[in-house]
Amino acid sequence: MSRTIIYTFKEQEKTLTFSYSQYHTIHEAVAAAEGIDLTNYLRMEQQVEAVSSGSKAMRDFRDSHFRKLGFGKITLAKKEHRGIGEK
């Protein structure tokens, strides 16, 4: 099932269709959509995860790295709940 990502890149708000079968995180999806290679970032993320005791260090590292790349808000759009038979 696909979801919609709403994100800001270099002061421009954009949307993107996202599926967990294609990408591990929404951050990987938006970077791929903008043509950014995350190879070095993913390596460093693994190192931060190995030495940190909680998820806050990971979030801070990820958020600061993506701000440096030019991203602002990155979030999943709310799901639309539709009744039976509605399109």
# chains A, B, ... in the order shown; residues from 1 in each chain; ligands from 1
>>> closest_atom_pairs(of="region 53-76 of chain A", to="region 45-49 of chain A", cutoff="9 Å", atoms="only C-alpha atoms", output="Markdown table")
| residue | atom | partner | partner_atom | distance |
| --- | --- | --- | --- | --- |
| A:Ser53 | CA | A:Glu49 | CA | 7.9 |
| A:Gly54 | CA | A:Glu49 | CA | 8.2 |
| A:Ser55 | CA | A:Glu49 | CA | 7.9 |
| A:Ala57 | CA | A:Val48 | CA | 7.4 |
| A:Met58 | CA | A:Glu49 | CA | 6.3 |
| A:Phe61 | CA | A:Glu45 | CA | 7.7 |
| A:Arg62 | CA | A:Glu45 | CA | 7.7 |
>>> residues_around(residues="region 64-75 of chain A", least_positions_apart="6", cutoff="12 Å", atoms="only C-alpha atoms", output="JSON, numbers by chain")
{"A": [3, 4, 5, 6, 7, 8, 9, 10, 11, 12, 13, 14, 15, 16, 17, 18, 25, 26, 27, 28, 29, 30, 31, 34, 35, 36, 37, 38, 40, 41, 42, 44, 45, 57, 58]}
>>> select_by_dssp(residues="region 1-77 of chain A", states="alpha helix (DSSP H)", output="mmCIF file with N, CA, C and O atoms, in the first residue's frame")
data_model
loop_
_atom_site.group_PDB
_atom_site.id
_atom_site.type_symbol
_atom_site.label_atom_id
_atom_site.label_comp_id
_atom_site.auth_asym_id
_atom_site.auth_seq_id
_atom_site.Cartn_x
_atom_site.Cartn_y
_atom_site.Cartn_z
ATOM 1 N N ILE A 26 11.215 7.120 4.731
ATOM 2 C CA ILE A 26 10.760 8.222 3.884
ATOM 3 C C ILE A 26 11.930 9.121 3.507
ATOM 4 O O ILE A 26 11.915 9.743 2.446
ATOM 5 N N HIS A 27 12.960 9.158 4.330
ATOM 6 C CA HIS A 27 14.137 9.977 4.020
ATOM 7 C C HIS A 27 14.892 9.433 2.808
ATOM 8 O O HIS A 27 15.364 10.194 1.964
ATOM 9 N N GLU A 28 14.997 8.119 2.710
ATOM 10 C CA GLU A 28 15.631 7.518 1.540
ATOM 11 C C GLU A 28 14.819 7.814 0.279
ATOM 12 O O GLU A 28 15.384 8.060 -0.780
ATOM 13 N N ALA A 29 13.505 7.803 0.401
ATOM 14 C CA ALA A 29 12.645 8.050 -0.761
ATOM 15 C C ALA A 29 12.785 9.472 -1.272
ATOM 16 O O ALA A 29 12.899 9.690 -2.483
ATOM 17 N N VAL A 30 12.795 10.462 -0.380
ATOM 18 C CA VAL A 30 12.898 11.848 -0.841
ATOM 19 C C VAL A 30 14.285 12.143 -1.403
ATOM 20 O O VAL A 30 14.420 12.892 -2.365
ATOM 21 N N ALA A 31 15.320 11.527 -0.824
ATOM 22 C CA ALA A 31 16.665 11.713 -1.363
ATOM 23 C C ALA A 31 16.762 11.125 -2.769
ATOM 24 O O ALA A 31 17.347 11.742 -3.669
ATOM 25 N N ALA A 32 16.180 9.962 -2.979
ATOM 26 C CA ALA A 32 16.189 9.346 -4.309
ATOM 27 C C ALA A 32 15.409 10.196 -5.303
ATOM 28 O O ALA A 32 15.818 10.349 -6.454
ATOM 29 N N ALA A 33 14.306 10.776 -4.859
ATOM 30 C CA ALA A 33 13.497 11.616 -5.745
ATOM 31 C C ALA A 33 14.260 12.867 -6.180
ATOM 32 O O ALA A 33 14.075 13.362 -7.289
ATOM 33 N N THR A 39 24.881 6.913 0.065
ATOM 34 C CA THR A 39 25.791 5.823 0.426
ATOM 35 C C THR A 39 26.612 6.165 1.663
ATOM 36 O O THR A 39 26.659 5.390 2.618
ATOM 37 N N ASN A 40 27.264 7.322 1.670
ATOM 38 C CA ASN A 40 28.099 7.709 2.814
ATOM 39 C C ASN A 40 27.255 7.963 4.051
ATOM 40 O O ASN A 40 27.654 7.619 5.159
ATOM 41 N N TYR A 41 26.104 8.573 3.860
ATOM 42 C CA TYR A 41 25.201 8.832 4.994
ATOM 43 C C TYR A 41 24.769 7.523 5.658
ATOM 44 O O TYR A 41 24.781 7.414 6.884
ATOM 45 N N LEU A 42 24.386 6.527 4.866
ATOM 46 C CA LEU A 42 23.927 5.251 5.420
ATOM 47 C C LEU A 42 25.044 4.546 6.190
ATOM 48 O O LEU A 42 24.801 3.920 7.226
ATOM 49 N N ARG A 43 26.274 4.662 5.701
ATOM 50 C CA ARG A 43 27.413 4.085 6.413
ATOM 51 C C ARG A 43 27.599 4.758 7.777
ATOM 52 O O ARG A 43 27.786 4.106 8.798
ATOM 53 N N MET A 44 27.544 6.096 7.763
ATOM 54 C CA MET A 44 27.713 6.848 9.001
ATOM 55 C C MET A 44 26.542 6.598 9.952
ATOM 56 O O MET A 44 26.729 6.511 11.168
ATOM 57 N N GLU A 45 25.355 6.432 9.409
ATOM 58 C CA GLU A 45 24.174 6.146 10.232
ATOM 59 C C GLU A 45 24.355 4.826 10.989
ATOM 60 O O GLU A 45 24.012 4.727 12.166
ATOM 61 N N GLN A 46 24.917 3.830 10.329
ATOM 62 C CA GLN A 46 25.176 2.550 10.994
ATOM 63 C C GLN A 46 26.177 2.713 12.138
ATOM 64 O O GLN A 46 26.029 2.108 13.196
ATOM 65 N N GLN A 47 27.189 3.560 11.945
ATOM 66 C CA GLN A 47 28.177 3.791 12.993
ATOM 67 C C GLN A 47 27.555 4.516 14.184
ATOM 68 O O GLN A 47 27.825 4.176 15.331
ATOM 69 N N VAL A 48 26.708 5.516 13.903
ATOM 70 C CA VAL A 48 26.040 6.239 14.979
ATOM 71 C C VAL A 48 25.128 5.290 15.749
ATOM 72 O O VAL A 48 25.089 5.316 16.981
ATOM 73 N N GLU A 49 24.425 4.430 15.040
ATOM 74 C CA GLU A 49 23.537 3.465 15.679
ATOM 75 C C GLU A 49 24.321 2.495 16.573
ATOM 76 O O GLU A 49 23.860 2.121 17.649
ATOM 77 N N ALA A 50 25.508 2.117 16.133
ATOM 78 C CA ALA A 50 26.315 1.162 16.896
ATOM 79 C C ALA A 50 26.822 1.752 18.210
ATOM 80 O O ALA A 50 26.936 1.038 19.208
ATOM 81 N N VAL A 51 27.115 3.038 18.235
ATOM 82 C CA VAL A 51 27.688 3.638 19.441
ATOM 83 C C VAL A 51 26.667 4.361 20.304
ATOM 84 O O VAL A 51 26.953 4.678 21.455
ATOM 85 N N SER A 55 17.513 6.173 20.505
ATOM 86 C CA SER A 55 17.143 6.586 19.153
ATOM 87 C C SER A 55 17.248 8.096 18.956
ATOM 88 O O SER A 55 17.206 8.576 17.836
ATOM 89 N N LYS A 56 17.393 8.866 20.037
ATOM 90 C CA LYS A 56 17.485 10.316 19.909
ATOM 91 C C LYS A 56 18.740 10.734 19.128
ATOM 92 O O LYS A 56 18.691 11.629 18.294
ATOM 93 N N ALA A 57 19.846 10.064 19.376
ATOM 94 C CA ALA A 57 21.084 10.377 18.660
ATOM 95 C C ALA A 57 20.914 10.122 17.170
ATOM 96 O O ALA A 57 21.386 10.900 16.336
ATOM 97 N N MET A 58 20.230 9.037 16.832
ATOM 98 C CA MET A 58 19.977 8.712 15.423
ATOM 99 C C MET A 58 19.110 9.781 14.769
ATOM 100 O O MET A 58 19.377 10.216 13.660
ATOM 101 N N ARG A 59 18.031 10.175 15.452
ATOM 102 C CA ARG A 59 17.128 11.201 14.909
ATOM 103 C C ARG A 59 17.850 12.521 14.715
ATOM 104 O O ARG A 59 17.704 13.175 13.685
ATOM 105 N N ASP A 60 18.647 12.918 15.715
ATOM 106 C CA ASP A 60 19.385 14.175 15.617
ATOM 107 C C ASP A 60 20.373 14.143 14.456
ATOM 108 O O ASP A 60 20.493 15.112 13.705
ATOM 109 N N PHE A 61 21.086 13.027 14.303
ATOM 110 C CA PHE A 61 22.037 12.887 13.198
ATOM 111 C C PHE A 61 21.319 12.971 11.852
ATOM 112 O O PHE A 61 21.728 13.710 10.962
ATOM 113 N N ARG A 62 20.216 12.219 11.716
ATOM 114 C CA ARG A 62 19.457 12.208 10.472
ATOM 115 C C ARG A 62 18.895 13.587 10.149
ATOM 116 O O ARG A 62 19.041 14.087 9.038
ATOM 117 N N ASP A 63 18.274 14.221 11.142
ATOM 118 C CA ASP A 63 17.656 15.526 10.908
ATOM 119 C C ASP A 63 18.683 16.587 10.521
ATOM 120 O O ASP A 63 18.460 17.366 9.598
ATOM 121 N N SER A 64 19.821 16.611 11.198
ATOM 122 C CA SER A 64 20.837 17.612 10.863
ATOM 123 C C SER A 64 21.438 17.351 9.480
ATOM 124 O O SER A 64 21.700 18.287 8.721
ATOM 125 N N HIS A 65 21.635 16.083 9.128
ATOM 126 C CA HIS A 65 22.193 15.762 7.813
ATOM 127 C C HIS A 65 21.229 16.188 6.698
ATOM 128 O O HIS A 65 21.651 16.783 5.706
ATOM 129 N N PHE A 66 19.957 15.904 6.861
ATOM 130 C CA PHE A 66 18.997 16.257 5.821
ATOM 131 C C PHE A 66 18.767 17.770 5.734
ATOM 132 O O PHE A 66 18.484 18.285 4.662
ATOM 133 N N ARG A 67 18.914 18.475 6.854
ATOM 134 C CA ARG A 67 18.852 19.947 6.792
ATOM 135 C C ARG A 67 20.018 20.488 5.975
ATOM 136 O O ARG A 67 19.855 21.420 5.187
ATOM 137 N N LYS A 68 21.211 19.900 6.146
ATOM 138 C CA LYS A 68 22.387 20.316 5.368
ATOM 139 C C LYS A 68 22.183 20.070 3.872
ATOM 140 O O LYS A 68 22.692 20.811 3.041
ATOM 141 N N LEU A 69 21.448 19.015 3.540
ATOM 142 C CA LEU A 69 21.176 18.710 2.135
ATOM 143 C C LEU A 69 20.148 19.651 1.515
ATOM 144 O O LEU A 69 20.002 19.690 0.301
#
>>> select_by_dssp(residues="region 14-58 of chain A", states="strand (DSSP E)", output="VMD selection string")
chain A and resid 14 to 18
